[in-house]
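K.L.:
If it helps, the file is called target.cif and holds mmCIF, C-alpha atoms:
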```
data_upload
loop_
_atom_site.label_atom_id
_atom_site.label_comp_id
_atom_site.auth_asym_id
_atom_site.auth_seq_id
_atom_site.Cartn_x
_atom_site.Cartn_y
_atom_site.Cartn_z
CA MET A 1 37.26 153.87 -31.51
CA GLN A 2 40.41 153.36 -29.44
CA ILE A 3 41.92 156.57 -30.78
CA HIS A 4 38.67 158.43 -29.99
CA ASN A 5 38.65 157.13 -26.38
CA MET A 6 42.28 158.04 -25.95
CA ARG A 7 41.57 161.56 -27.16
CA GLN A 8 38.79 161.97 -24.57
CA ARG A 9 41.05 160.75 -21.75
CA VAL A 10 43.82 163.13 -22.81
CA ALA A 11 41.31 166.03 -22.79
CA LEU A 12 40.17 165.03 -19.29
CA LEU A 13 43.74 164.90 -18.00
CA GLN A 14 44.40 168.28 -19.51
CA ARG A 15 41.45 169.87 -17.72
CA GLN A 16 42.46 168.31 -14.41
CA SER A 17 46.03 169.49 -14.71
CA GLU A 18 44.93 173.05 -15.41
CA GLN A 19 43.01 173.15 -12.15
CA GLN A 20 45.57 171.55 -9.77
CA LYS A 21 49.09 172.47 -11.02
CA ALA A 22 51.12 175.61 -10.96
CA GLN A 23 51.41 177.79 -13.95
CA GLU A 24 54.78 176.40 -15.08
CA ASP A 25 53.60 172.90 -14.63
CA ILE A 26 50.54 173.73 -16.61
CA GLU A 27 52.62 175.02 -19.49
CA LEU A 28 54.85 171.98 -19.46
CA VAL A 29 52.01 169.55 -19.26
CA THR A 30 50.12 171.52 -21.89
CA ALA A 31 53.06 171.28 -24.23
CA VAL A 32 53.32 167.57 -23.60
CA PHE A 33 49.68 167.06 -24.27
CA ARG A 34 49.92 169.19 -27.39
CA GLU A 35 52.60 166.89 -28.68
CA VAL A 36 50.48 163.90 -27.79
CA HIS A 37 47.56 165.51 -29.56
CA LEU A 38 49.65 166.05 -32.68
CA ALA A 39 50.86 162.46 -32.52
CA LEU A 40 47.30 161.29 -32.24
CA GLU A 41 46.32 163.41 -35.24
CA GLU A 42 49.15 161.86 -37.25
CA LEU A 43 48.09 158.45 -36.02
CA GLN A 44 44.59 159.23 -37.25
CA LEU A 45 45.95 160.11 -40.69
CA VAL A 46 48.00 156.92 -40.78
CA ASN A 47 44.95 154.93 -39.73
CA GLU A 48 42.88 156.47 -42.52
CA ASP A 49 45.69 155.69 -44.99
CA LEU A 50 45.79 152.12 -43.73
CA LYS A 51 42.04 151.89 -44.19
CA GLN A 52 42.40 153.06 -47.80
CA GLN A 53 45.23 150.60 -48.46
CA ASN A 54 43.20 147.84 -46.84
CA GLU A 55 40.28 148.63 -49.13
CA GLU A 56 42.59 148.62 -52.15
CA LEU A 57 44.10 145.32 -51.01
CA SER A 58 40.66 143.85 -50.54
CA ASN A 59 39.62 145.01 -54.02
CA ALA A 60 42.84 143.58 -55.49
CA GLN A 61 42.21 140.30 -53.70
CA GLN A 62 38.67 140.14 -55.04
CA ALA A 63 39.98 140.92 -58.56
CA LEU A 64 42.59 138.22 -58.15
CA VAL A 65 39.94 135.73 -57.09
CA ALA A 66 37.81 136.71 -60.08
CA GLN A 67 40.80 136.46 -62.37
CA ARG A 68 41.65 133.06 -60.93
CA GLN A 69 38.07 131.99 -61.49
CA ARG A 70 38.19 133.19 -65.12
CA TYR A 71 41.52 131.38 -65.62
CA GLN A 72 40.04 128.20 -64.15
CA GLU A 73 36.99 128.49 -66.39
CA LEU A 74 39.17 129.02 -69.46
CA PHE A 75 41.47 126.21 -68.32
CA GLU A 76 38.50 123.86 -68.11
CA GLU A 77 36.88 125.07 -71.34
CA VAL A 78 39.97 124.52 -73.52
CA PRO A 79 38.89 121.81 -76.04
CA ASP A 80 42.33 120.19 -75.99
CA ALA A 81 43.95 118.40 -73.09
CA TYR A 82 45.86 120.88 -70.93
CA PHE A 83 48.44 119.85 -68.33
CA VAL A 84 50.66 121.88 -66.03
CA THR A 85 53.71 119.98 -64.75
CA ASP A 86 56.91 120.71 -62.94
CA ILE A 87 60.18 120.49 -64.85
CA LYS A 88 60.30 116.72 -64.19
CA GLY A 89 56.94 116.16 -65.86
CA VAL A 90 54.91 115.57 -62.66
CA ILE A 91 51.31 116.64 -63.32
CA GLN A 92 50.16 119.52 -61.10
CA GLU A 93 47.05 120.57 -62.97
CA ALA A 94 44.86 118.95 -65.61
CA ASN A 95 41.62 120.09 -67.25
CA SER A 96 38.52 118.05 -68.05
CA ALA A 97 39.66 117.46 -71.64
CA ALA A 98 42.81 115.85 -70.25
CA THR A 99 40.83 113.43 -68.10
CA THR A 100 38.62 112.61 -71.10
CA LEU A 101 41.61 112.11 -73.39
CA LEU A 102 43.34 109.70 -71.00
CA ASN A 103 40.04 108.22 -69.74
CA ILE A 104 41.03 108.67 -66.10
CA SER A 105 39.99 110.83 -63.12
CA LYS A 106 41.73 114.09 -62.20
CA SER A 107 42.52 112.81 -58.70
CA PHE A 108 44.60 110.02 -60.24
CA LEU A 109 46.35 112.35 -62.69
CA LEU A 110 47.60 114.88 -60.16
CA GLY A 111 51.02 113.96 -58.82
CA ARG A 112 51.67 111.37 -61.55
CA LEU A 113 54.38 111.52 -64.23
CA LEU A 114 52.94 112.36 -67.64
CA GLU A 115 55.28 109.85 -69.30
CA ILE A 116 53.46 106.88 -67.73
CA PHE A 117 50.76 107.39 -70.40
CA VAL A 118 53.28 107.15 -73.27
CA LEU A 119 53.54 103.85 -75.19
CA GLU A 120 56.36 101.71 -73.90
CA LYS A 121 58.30 101.76 -77.17
CA GLU A 122 58.37 105.59 -77.06
CA ILE A 123 59.00 106.19 -73.34
CA ILE A 124 62.77 106.46 -73.76
CA THR A 125 62.39 108.97 -76.60
CA PHE A 126 59.85 110.97 -74.57
CA HIS A 127 62.14 110.94 -71.53
CA LEU A 128 65.06 112.17 -73.64
CA LYS A 129 62.95 115.02 -75.02
CA LEU A 130 61.96 116.01 -71.50
CA ASN A 131 65.59 115.95 -70.37
CA HIS A 132 66.48 118.06 -73.40
CA LEU A 133 63.92 120.66 -72.31
CA ARG A 134 65.38 120.77 -68.80
CA ASP A 135 68.91 121.00 -70.16
CA ARG A 136 67.90 124.16 -72.02
CA THR A 137 66.60 125.97 -68.94
CA GLU A 138 69.19 128.71 -69.37
CA THR A 139 68.22 129.34 -72.97
CA PRO A 140 65.89 132.35 -72.82
CA GLU A 141 64.72 132.06 -76.43
CA TRP A 142 63.22 128.65 -75.76
CA LYS A 143 59.48 129.08 -75.37
CA ILE A 144 57.58 126.42 -77.30
CA GLN A 145 58.46 122.91 -78.45
CA GLU A 146 56.24 120.65 -80.60
CA TRP A 147 56.31 116.97 -81.53
CA GLU A 148 54.08 113.90 -81.92
CA VAL A 149 53.79 110.99 -79.50
CA ASN A 150 51.70 107.84 -79.14
CA LEU A 151 49.70 107.87 -75.90
CA ARG A 152 47.93 105.02 -74.16
CA PRO A 153 44.60 106.06 -72.54
CA ARG A 154 43.22 103.74 -69.89
CA ASP A 155 41.23 100.83 -71.42
CA LYS A 156 41.33 102.45 -74.87
CA THR A 157 43.14 102.07 -78.15
CA PRO A 158 46.44 104.00 -78.29
CA ILE A 159 46.20 107.39 -79.96
CA ILE A 160 48.52 109.67 -81.90
CA ALA A 161 48.83 113.01 -80.11
CA ALA A 162 50.30 116.35 -81.14
CA VAL A 163 52.17 117.83 -78.17
CA LYS A 164 52.96 121.52 -77.66
CA VAL A 165 55.10 122.36 -74.63
CA VAL A 166 55.38 125.92 -73.28
CA ALA A 167 57.95 127.04 -70.70
CA ILE A 168 56.83 128.54 -67.37
CA ARG A 169 59.43 130.96 -65.96
CA ASN A 170 59.60 133.04 -62.79
CA GLN A 171 60.49 136.72 -62.65
CA GLN A 172 64.19 135.86 -62.74
CA GLY A 173 63.69 133.90 -65.98
CA LYS A 174 64.29 130.52 -64.36
CA LEU A 175 62.32 127.55 -65.71
CA VAL A 176 59.91 126.45 -62.98
CA GLY A 177 57.35 124.38 -64.88
CA LEU A 178 55.84 123.30 -68.19
CA ARG A 179 52.48 123.77 -69.83
CA TRP A 180 51.38 120.92 -72.12
CA LEU A 181 48.73 121.23 -74.82
CA VAL A 182 47.89 117.75 -76.14
CA ARG A 183 45.58 117.08 -79.09
CA ASP A 184 44.35 113.74 -80.44
CA ILE A 185 45.25 113.71 -84.15
CA SER A 186 44.58 110.01 -84.77
CA GLU A 187 41.58 110.69 -87.00
CA SER A 188 43.36 113.40 -88.96
CA LYS A 189 46.31 111.04 -89.39
CA ARG A 190 44.00 108.32 -90.67
CA THR A 191 42.34 110.81 -93.01
CA GLN A 192 45.74 112.01 -94.15
CA ALA A 193 46.81 108.41 -94.75
CA LYS A 194 43.63 107.75 -96.75
CA LEU A 195 44.18 110.88 -98.81
CA GLN A 196 47.79 109.87 -99.38
CA TRP A 197 46.67 106.39 -100.39
CA ALA A 198 44.07 107.86 -102.74
CA GLU A 199 46.67 110.21 -104.19
CA ASP A 200 49.14 107.36 -104.67
CA ALA A 201 46.42 105.20 -106.21
CA MET A 202 45.46 108.04 -108.55
CA ARG A 203 49.10 108.59 -109.46
CA GLN A 204 49.57 104.88 -110.15
CA ALA A 205 46.36 104.78 -112.17
CA LEU A 206 47.50 107.74 -114.25
CA ALA A 207 50.93 106.17 -114.71
CA LYS A 208 49.31 102.89 -115.73
CA GLU A 209 47.00 104.73 -118.08
CA ARG A 210 49.96 106.48 -119.70
CA GLN A 211 51.81 103.19 -119.87
CA PHE A 212 48.77 101.50 -121.38
CA SER A 213 48.41 104.33 -123.91
CA GLU A 214 52.07 104.02 -124.85
CA LEU A 215 51.67 100.26 -125.06
CA LYS A 216 48.71 100.57 -127.41
CA SER A 217 50.62 103.01 -129.57
CA ARG A 218 53.64 100.73 -129.75
CA LEU A 219 51.38 97.75 -130.30
CA LEU A 220 49.70 99.37 -133.29
CA THR A 221 53.02 100.49 -134.75
CA THR A 222 54.76 97.15 -134.23
CA THR A 223 51.78 95.04 -135.28
CA SER A 224 51.25 96.96 -138.50
CA HIS A 225 54.95 96.55 -139.30
CA GLU A 226 55.02 92.85 -138.45
CA PHE A 227 51.86 92.09 -140.40
CA ARG A 228 53.19 93.59 -143.62
CA ASN A 229 55.75 90.89 -144.40
CA PRO A 230 53.50 87.81 -144.04
CA LEU A 231 50.62 89.60 -145.78
CA ALA A 232 52.94 90.60 -148.62
CA THR A 233 54.11 86.98 -148.87
CA ILE A 234 50.51 85.71 -148.96
CA HIS A 235 49.57 88.29 -151.56
CA SER A 236 52.50 87.60 -153.86
CA SER A 237 52.23 83.80 -153.59
CA ALA A 238 48.48 83.90 -154.19
CA GLU A 239 48.96 86.19 -157.20
CA LEU A 240 51.66 83.99 -158.65
CA LEU A 241 49.52 80.89 -158.18
CA GLU A 242 46.59 82.63 -159.80
CA HIS A 243 48.54 83.48 -162.97
CA TYR A 244 51.12 80.73 -163.31
CA ARG A 245 49.96 77.61 -161.49
CA HIS A 246 48.93 76.02 -164.80
CA LEU A 247 52.53 76.40 -165.95
CA TRP A 248 54.17 75.18 -162.75
CA SER A 249 54.84 71.74 -161.44
CA ASP A 250 53.10 70.47 -158.33
CA GLU A 251 56.30 70.93 -156.31
CA ARG A 252 56.61 74.59 -157.23
CA GLN A 253 52.96 75.20 -156.44
CA ASN A 254 53.39 73.50 -153.07
CA ILE A 255 56.29 75.83 -152.26
CA HIS A 256 54.03 78.85 -152.58
CA LEU A 257 51.20 77.11 -150.74
CA ARG A 258 53.56 76.37 -147.84
CA ARG A 259 54.64 80.02 -147.86
CA ILE A 260 51.01 81.03 -147.55
CA GLN A 261 50.42 78.51 -144.76
CA THR A 262 53.55 79.65 -142.89
CA SER A 263 52.54 83.30 -143.21
CA VAL A 264 49.02 82.53 -141.97
CA MET A 265 50.45 80.66 -138.98
CA HIS A 266 52.77 83.60 -138.28
CA ILE A 267 49.86 86.06 -138.40
CA THR A 268 47.80 83.76 -136.16
CA GLN A 269 50.64 83.68 -133.64
CA LEU A 270 50.90 87.47 -133.74
CA LEU A 271 47.17 87.81 -133.14
CA ASP A 272 47.31 85.30 -130.27
CA ASP A 273 50.16 87.24 -128.67
CA VAL A 274 48.31 90.54 -128.99
CA LEU A 275 45.14 88.99 -127.56
CA VAL A 276 46.98 87.54 -124.55
CA LEU A 277 48.79 90.82 -123.93
CA ASN A 278 45.52 92.76 -124.07
CA GLN A 279 43.84 90.33 -121.68
CA ASP A 280 46.69 90.73 -119.21
CA GLU A 281 46.62 94.53 -119.39
CA THR A 282 42.84 94.64 -118.83
CA GLY A 283 42.96 92.04 -116.06
CA LYS A 284 40.99 89.48 -118.06
CA LEU A 285 43.73 86.90 -118.41
CA GLU A 286 42.48 83.95 -116.38
CA PHE A 287 44.10 80.89 -114.84
CA ASN A 288 42.03 77.74 -115.39
CA PRO A 289 44.00 74.58 -114.58
CA THR A 290 42.77 71.28 -116.00
CA PRO A 291 44.20 67.75 -115.91
CA LEU A 292 46.89 67.28 -118.58
CA ASN A 293 49.11 64.51 -119.85
CA LEU A 294 52.23 66.63 -120.17
CA VAL A 295 54.18 64.24 -122.41
CA GLU A 296 51.33 63.91 -124.89
CA PHE A 297 50.68 67.66 -124.75
CA CYS A 298 54.32 68.47 -125.50
CA ARG A 299 54.59 65.92 -128.33
CA ASP A 300 51.50 67.34 -130.10
CA LEU A 301 52.81 70.89 -129.74
CA LEU A 302 56.26 69.98 -131.05
CA GLU A 303 54.73 68.25 -134.04
CA GLU A 304 52.84 71.44 -134.99
CA LEU A 305 55.94 73.57 -134.57
CA GLN A 306 58.08 71.17 -136.56
CA GLN A 307 55.61 71.32 -139.45
CA SER A 308 55.73 75.12 -139.49
CA ASP A 309 59.54 74.90 -139.31
CA ARG A 310 59.45 72.58 -142.37
CA SER A 311 61.94 70.31 -140.56
CA GLN A 312 64.78 72.79 -140.92
CA HIS A 313 65.98 71.94 -137.40
CA ALA A 314 66.45 68.65 -135.59
CA ILE A 315 64.28 68.43 -132.46
CA ALA A 316 65.46 66.24 -129.57
CA PHE A 317 62.60 65.65 -127.11
CA SER A 318 63.04 63.74 -123.85
CA SER A 319 60.73 62.97 -120.94
CA GLU A 320 61.10 61.05 -117.72
CA TYR A 321 57.94 59.00 -118.27
CA GLN A 322 55.67 58.21 -121.17
CA CYS A 323 52.71 59.66 -119.26
CA THR A 324 53.13 62.51 -116.77
CA LEU A 325 49.94 63.88 -115.22
CA ALA A 326 49.58 67.43 -113.94
CA ASN A 327 46.93 70.04 -113.29
CA LEU A 328 47.94 73.10 -115.36
CA ASP A 329 46.29 75.69 -117.60
CA ALA A 330 46.53 74.22 -121.12
CA LYS A 331 46.06 77.56 -122.89
CA LEU A 332 48.74 79.33 -120.86
CA LEU A 333 51.10 76.36 -121.05
CA ARG A 334 50.76 76.40 -124.82
CA GLN A 335 51.71 80.08 -124.87
CA ILE A 336 54.76 79.38 -122.69
CA LEU A 337 56.11 76.44 -124.66
CA SER A 338 55.24 77.66 -128.15
CA ASN A 339 56.92 81.03 -127.59
CA LEU A 340 60.03 79.49 -126.03
CA PHE A 341 60.38 76.82 -128.68
CA SER A 342 59.58 79.19 -131.56
CA ASN A 343 62.42 81.41 -130.38
CA CYS A 344 64.74 78.40 -130.29
CA LEU A 345 63.92 77.69 -133.93
CA LYS A 346 63.97 81.34 -134.99
CA TYR A 347 67.37 82.21 -133.54
CA SER A 348 69.20 78.91 -134.25
CA PRO A 349 71.03 78.14 -137.50
CA ILE A 350 69.30 75.81 -139.94
CA GLY A 351 70.32 72.20 -139.38
CA SER A 352 71.16 72.68 -135.70
CA ILE A 353 69.67 70.63 -132.87
CA VAL A 354 67.06 72.09 -130.54
CA LYS A 355 66.56 70.21 -127.26
CA PHE A 356 63.39 70.08 -125.22
CA SER A 357 62.61 68.07 -122.08
CA VAL A 358 59.88 67.73 -119.46
CA THR A 359 60.24 66.22 -115.97
CA THR A 360 58.36 66.32 -112.67
CA VAL A 361 59.92 66.74 -109.22
CA ASN A 362 58.12 67.32 -105.88
CA ASP A 363 54.77 68.16 -107.46
CA GLN A 364 56.39 70.51 -109.95
CA ALA A 365 56.62 70.32 -113.73
CA ILE A 366 60.01 71.33 -115.14
CA PHE A 367 60.30 72.29 -118.83
CA GLN A 368 63.69 72.99 -120.41
CA THR A 369 64.59 74.29 -123.86
CA GLN A 370 68.15 74.45 -125.20
CA ASP A 371 69.30 75.89 -128.52
CA SER A 372 72.67 76.65 -130.11
CA GLY A 373 71.61 80.01 -131.55
CA ILE A 374 72.88 83.57 -131.37
CA GLY A 375 72.47 83.89 -127.60
CA ILE A 376 71.27 86.89 -125.56
CA PRO A 377 73.63 89.73 -124.56
CA ALA A 378 74.07 90.07 -120.78
CA SER A 379 72.77 93.65 -120.89
CA ASP A 380 69.49 92.45 -122.45
CA ILE A 381 68.74 89.49 -120.18
CA GLU A 382 67.20 91.60 -117.40
CA HIS A 383 64.86 93.26 -119.94
CA ILE A 384 63.79 90.30 -122.06
CA PHE A 385 60.47 89.94 -120.21
CA GLU A 386 59.45 93.55 -120.91
CA PRO A 387 56.86 94.07 -123.69
CA PHE A 388 58.36 94.98 -127.09
CA HIS A 389 61.92 94.55 -125.91
CA ARG A 390 64.18 92.75 -128.37
CA ALA A 391 67.81 91.84 -127.87
CA SER A 392 70.35 94.14 -129.48
CA ASN A 393 71.78 91.34 -131.65
CA VAL A 394 68.60 90.10 -133.40
CA GLY A 395 69.33 92.08 -136.57
CA ASN A 396 66.66 91.59 -139.25
CA ILE A 397 65.08 88.52 -137.67
CA PRO A 398 61.34 89.32 -137.51
CA GLY A 399 59.50 89.60 -134.19
CA MET A 400 57.39 91.93 -132.06
CA GLY A 401 59.13 91.44 -128.73
CA LEU A 402 55.94 90.17 -127.07
CA GLY A 403 56.67 86.47 -126.75
CA MET A 404 58.86 86.53 -123.63
CA SER A 405 56.55 89.04 -121.92
CA ILE A 406 53.64 86.65 -122.47
CA VAL A 407 55.75 83.70 -121.22
CA LYS A 408 56.50 85.58 -117.98
CA GLN A 409 52.85 86.49 -117.43
CA ALA A 410 51.73 82.90 -117.97
CA VAL A 411 54.44 81.56 -115.64
CA ASP A 412 53.44 84.08 -112.96
CA LEU A 413 49.79 83.06 -113.19
CA HIS A 414 50.89 79.50 -112.48
CA GLY A 415 52.89 80.72 -109.50
CA GLY A 416 56.06 79.40 -111.11
CA GLU A 417 59.47 80.75 -112.08
CA ILE A 418 61.62 80.98 -115.19
CA ILE A 419 65.42 80.81 -115.34
CA VAL A 420 67.56 82.07 -118.25
CA GLU A 421 71.10 81.01 -119.13
CA SER A 422 72.69 82.35 -122.28
CA ALA A 423 76.02 83.03 -123.96
CA ILE A 424 76.63 84.95 -127.19
CA GLY A 425 77.24 82.59 -130.13
CA VAL A 426 76.73 79.51 -127.93
CA GLY A 427 72.99 79.44 -127.33
CA THR A 428 70.27 79.95 -124.76
CA ALA A 429 68.63 77.65 -122.22
CA PHE A 430 65.29 78.37 -120.54
CA THR A 431 64.03 76.44 -117.50
CA VAL A 432 60.37 76.85 -116.53
CA ILE A 433 59.19 75.46 -113.17
CA LEU A 434 55.43 75.25 -112.65
CA PRO A 435 53.90 73.91 -109.42
CA PHE A 436 51.00 71.50 -109.77
CA SER A 437 47.65 73.04 -109.03
CA ILE A 438 45.78 71.42 -106.10
CA ASN A 439 42.69 69.23 -106.38
CA LEU A 440 43.86 67.15 -109.32
CA HIS A 441 41.06 64.87 -110.51
CA LEU A 442 41.71 62.61 -113.48
#
```
Can the structure from this file be put into structure tokens for me?
P.N.:
Amino acid sequence: MQIHNMRQRVALLQRQSEQQKAQEDIELVTAVFREVHLALEELQLVNEDLKQQNEELSNAQQALVAQRQRYQELFEEVPDAYFVTDIKGVIQEANSAATTLLNISKSFLLGRLLEIFVLEKEIITFHLKLNHLRDRTETPEWKIQEWEVNLRPRDKTPIIAAVKVVAIRNQQGKLVGLRWLVRDISESKRTQAKLQWAEDAMRQALAKERQFSELKSRLLTTTSHEFRNPLATIHSSAELLEHYRHLWSDERQNIHLRRIQTSVMHITQLLDDVLVLNQDETGKLEFNPTPLNLVEFCRDLLEELQQSDRSQHAIAFSSEYQCTLANLDAKLLRQILSNLFSNCLKYSPIGSIVKFSVTTVNDQAIFQTQDSGIGIPASDIEHIFEPFHRASNVGNIPGMGLGMSIVKQAVDLHGGEIIVESAIGVGTAFTVILPFSINLHL
């Protein structure tokens, strides 16, 4: 409008000058006005160009606003927590998922350091990682960093979060900020832990199943081998008695009868050992403490063992008192003492002395056996409580290698301990310490 008004005024001046001035003045003024007219025309073109640029700028501004709106919508709709911080970790933007994750309003988040929501024990590590990111500002290949961190939402249980950090750079490539994508992986971690636990449990179950299968195989092999000798003895003695007892003296008949009795007792012991081992493997071995007179219990057991030994060894028994009361499992205690003492007799030379004692100290029963037998090699001592393990120096002395394994199981069920001291050619001493069971009623 201003240009249009100016053009009208210039035209008016031109008409007035043509009427009042001389010819030369008219030509001069006309030329001046022509130049002004051309300048105005150029100004008009520039104005139109400015209008076009203004329209383009307005359109670009509207597109930018729309793009900003789309970015904001996407920013808010991201399912994971999204933060934008400066290079020091001060929060500049945060979406709704971020406020939900940390259970706090956006107005409180903005302007706060992100590290204040990290668990105290991990703040130093988090701060070092952040410093490491800033120290690498000149490294152009750095774009994304990932790690896990424990966060502490307001008034909620701490969570495990997966953090992905993206660099924000200006046109010159300088690091000017950080984008943080934070995801709560607590549930997935718990699920992963459960799966790992299930996998470990399955692996252990399979290993135990293989071990149990191997144990059964070894048990069948060893048992069949161990049963042959006593059964052969019973068979031969019975056959001899059947055909020749009328020709033999009573003493000779008794020899074969004792052989049969000893073999039967040996088989019974083998069966008892197998039964106890099977109960332990299947989890059916129970601990049932009852009131016991330990001295009387030990004397009765030693008398049975001495009869089966046919008095080939001298037994020295000692006790602190004539009557010592305790609450222990009689069945398990019998397994402990009979296996220990049977080994003393089995591996000691005929005619030697086998010592056995029982004492009580601080509500504990202490049983000790001492023989002067072949001893246990040092390399075997750490394995003697394993099923079917036999010392390397036993030679042809019969045995299944189950006795000490059963002793250890029975001691463990009592919550006790067993100590071994041995020297080759000198002998072996076992000390069993069993705590009294509570609630003793006699």
K.L.:
Taking into account only C-alpha atoms, which residue in the set A:Ser352, A:Gln269, A:Thr290, A:Ser188 is nearest to Leu325 (chain A)?
P.N.:
A:Thr290
K.L.:
Care to translate the PyMOL selection byres ((chain A and resi 381-384) around 9) into actual residues of this file, as a compact mmCIF listing (two decimals) with C-alpha atoms, in the coordinates of the input?
P.N.:
```txt
# COMPACT_ATOMS: atom_id res chain seq x y z
CA ILE A 376 71.27 86.89 -125.56
CA PRO A 377 73.63 89.73 -124.56
CA ALA A 378 74.07 90.07 -120.78
CA SER A 379 72.77 93.65 -120.89
CA ASP A 380 69.49 92.45 -122.45
CA PHE A 385 60.47 89.94 -120.21
CA GLU A 386 59.45 93.55 -120.91
CA PRO A 387 56.86 94.07 -123.69
CA PHE A 388 58.36 94.98 -127.09
CA HIS A 389 61.92 94.55 -125.91
CA ARG A 390 64.18 92.75 -128.37
CA ALA A 391 67.81 91.84 -127.87
CA GLY A 401 59.13 91.44 -128.73
CA MET A 404 58.86 86.53 -123.63
CA SER A 405 56.55 89.04 -121.92
CA VAL A 420 67.56 82.07 -118.25
CA GLU A 421 71.10 81.01 -119.13
CA SER A 422 72.69 82.35 -122.28
```
K.L.:
Evaluate the PyMOL selection byres ((chain A and resi 332-337) around 8) on the structure here and hand back the selected residues as number ranges by chain.
P.N.:
A: 287, 301, 328-331, 338-341, 406-408, 410-411
K.L.:
May I ask for the distance between CA of Ala429 (chain A) and CA of Gln261 (chain A), given in Å to one decimal place?
P.N.:
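The value is 29.0 Å.
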K.L.:
Near region 113-127 of chain A, counting all atoms listed in the file, which residues have an atom at most 12 Å away, once you skip same-chain residues fewer than 4 positions from it, shown as a ChimeraX atom specification?
P.N.:
/A:82-94,98-99,101-104,108-109,131-134,146-161,163,178-180,182
K.L.:
Separation of CA of Asn293 (chain A) and CA of Gln409 (chain A), in Å?
P.N.:
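Pair CA of Asn293 (chain A) / CA of Gln409 (chain A) returns 22.4 Å.
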K.L.:
Between A:Ala63, A:Leu402, A:Ile144, A:Ile374, which has the minimum distance to Ile168 (chain A) (counting all atoms listed in the file)?
P.N.:
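Residue with the minimum atom-to-atom distance to Ile168 (chain A): A:Ile144.
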K.L.:
Tell me which of A:Gln67, A:Ser318, A:Gln61, A:Gln52 sits closest to Ile366 (chain A), counting all atoms listed in the file.
P.N.:
A:Ser318
K.L.:
To verify the selection step, state as a PyMOL selection string which residues the PyMOL selection byres ((chain A and resi 367) around 8) yields on this input.
P.N.:
chain A and resi 356-359+365-366+368-369+431-433
K.L.:
Quick one: write out the picked residues with C-alpha atoms as a compact mmCIF listing (two decimals), keeping the file's coordinate frame?
P.N.:
```
# COMPACT_ATOMS: atom_id res chain seq x y z
CA PHE A 356 63.39 70.08 -125.22
CA SER A 357 62.61 68.07 -122.08
CA VAL A 358 59.88 67.73 -119.46
CA THR A 359 60.24 66.22 -115.97
CA ALA A 365 56.62 70.32 -113.73
CA ILE A 366 60.01 71.33 -115.14
CA GLN A 368 63.69 72.99 -120.41
CA THR A 369 64.59 74.29 -123.86
CA THR A 431 64.03 76.44 -117.50
CA VAL A 432 60.37 76.85 -116.53
CA ILE A 433 59.19 75.46 -113.17
```
K.L.:
Nearest to Gly399 (chain A) among A:Asn288, A:Asn229, A:Gln53, A:Asn362, with distances taken over all atoms listed in the file: which residue is it?
P.N.:
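Residue with the minimum atom-to-atom distance to Gly399 (chain A): A:Asn229.
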K.L.:
Which polymer residues, protein or nucleic acid, are no farther than 12 Å from (40.7, 113.6, -85.6), counting all atoms listed in the file, as a list in words?
P.N.:
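Looking at atoms near the point gives Asp80, Ile159, Ile160, Ala161, Ala162, Arg183, Asp184, Ile185, Ser186, Glu187, Ser188, Lys189, Arg190, Thr191 and Gln192 of chain A.
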K.L.:
With all atoms listed in the file as the basis for distance, which of A:Glu251, A:Arg203, A:Leu294, A:Tyr347 is at the shortest distance from Gly395 (chain A)?
P.N.:
A:Tyr347
K.L.:
Within 10 Å of Val78 (chain A), counting all atoms listed in the file, which residues show up once you throw out same-chain ones fewer than 5 positions away? Write them as a ChimeraX atom specification, please.
P.N.:
/A:73,95-98,181
K.L.:
Store the residues of this selection in a file with C-alpha atoms, as a PDB file, in the coordinates of the input.
P.N.:
```pdb
ATOM      1  CA  GLU A  73      36.990 128.490 -66.390  1.00  0.00           C
ATOM      2  CA  ASN A  95      41.620 120.090 -67.250  1.00  0.00           C
ATOM      3  CA  SER A  96      38.520 118.050 -68.050  1.00  0.00           C
ATOM      4  CA  ALA A  97      39.660 117.460 -71.640  1.00  0.00           C
ATOM      5  CA  ALA A  98      42.810 115.850 -70.250  1.00  0.00           C
ATOM      6  CA  LEU A 181      48.730 121.230 -74.820  1.00  0.00           C
TER       7      LEU A 181
END
```
K.L.:
Write out as a list of chain:residue names each polymer residue whose atoms come within 9 Å of Ser437 (chain A), counting only C-alpha atoms; drop sequence neighbours fewer than 3 positions from it.
P.N.:
A:Pro289, A:Thr290, A:Ala326, A:Asn327, A:Leu328, A:Asp363, A:His414, A:Leu434, A:Leu440
K.L.:
Report, as lines of an AutoDock Vina configuration file, the centre and edge lengths in Å (one decimal) of the axis-aligned box enclosing every listed atom of region 240-256 of chain A, padded by 8 Å on each side.
P.N.:
```
center_x = 51.6
center_y = 77.2
center_z = -159.1
size_x = 26.0
size_y = 29.5
size_z = 29.7
```
K.L.:
With only C-alpha atoms as the basis for distance, which of A:Phe436, A:Phe227, A:Phe317, A:Phe33 is at the shortest distance from Pro398 (chain A)?
P.N.:
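Of all the options, A:Phe227 lies closest to Pro398 (chain A).
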K.L.:
State, in Å with one decimal place, the distance from CA of Met400 (chain A) to CA of Ile353 (chain A).
P.N.:
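CA of Ile353 (chain A) lies at a distance of 24.6 Å from CA of Met400 (chain A).
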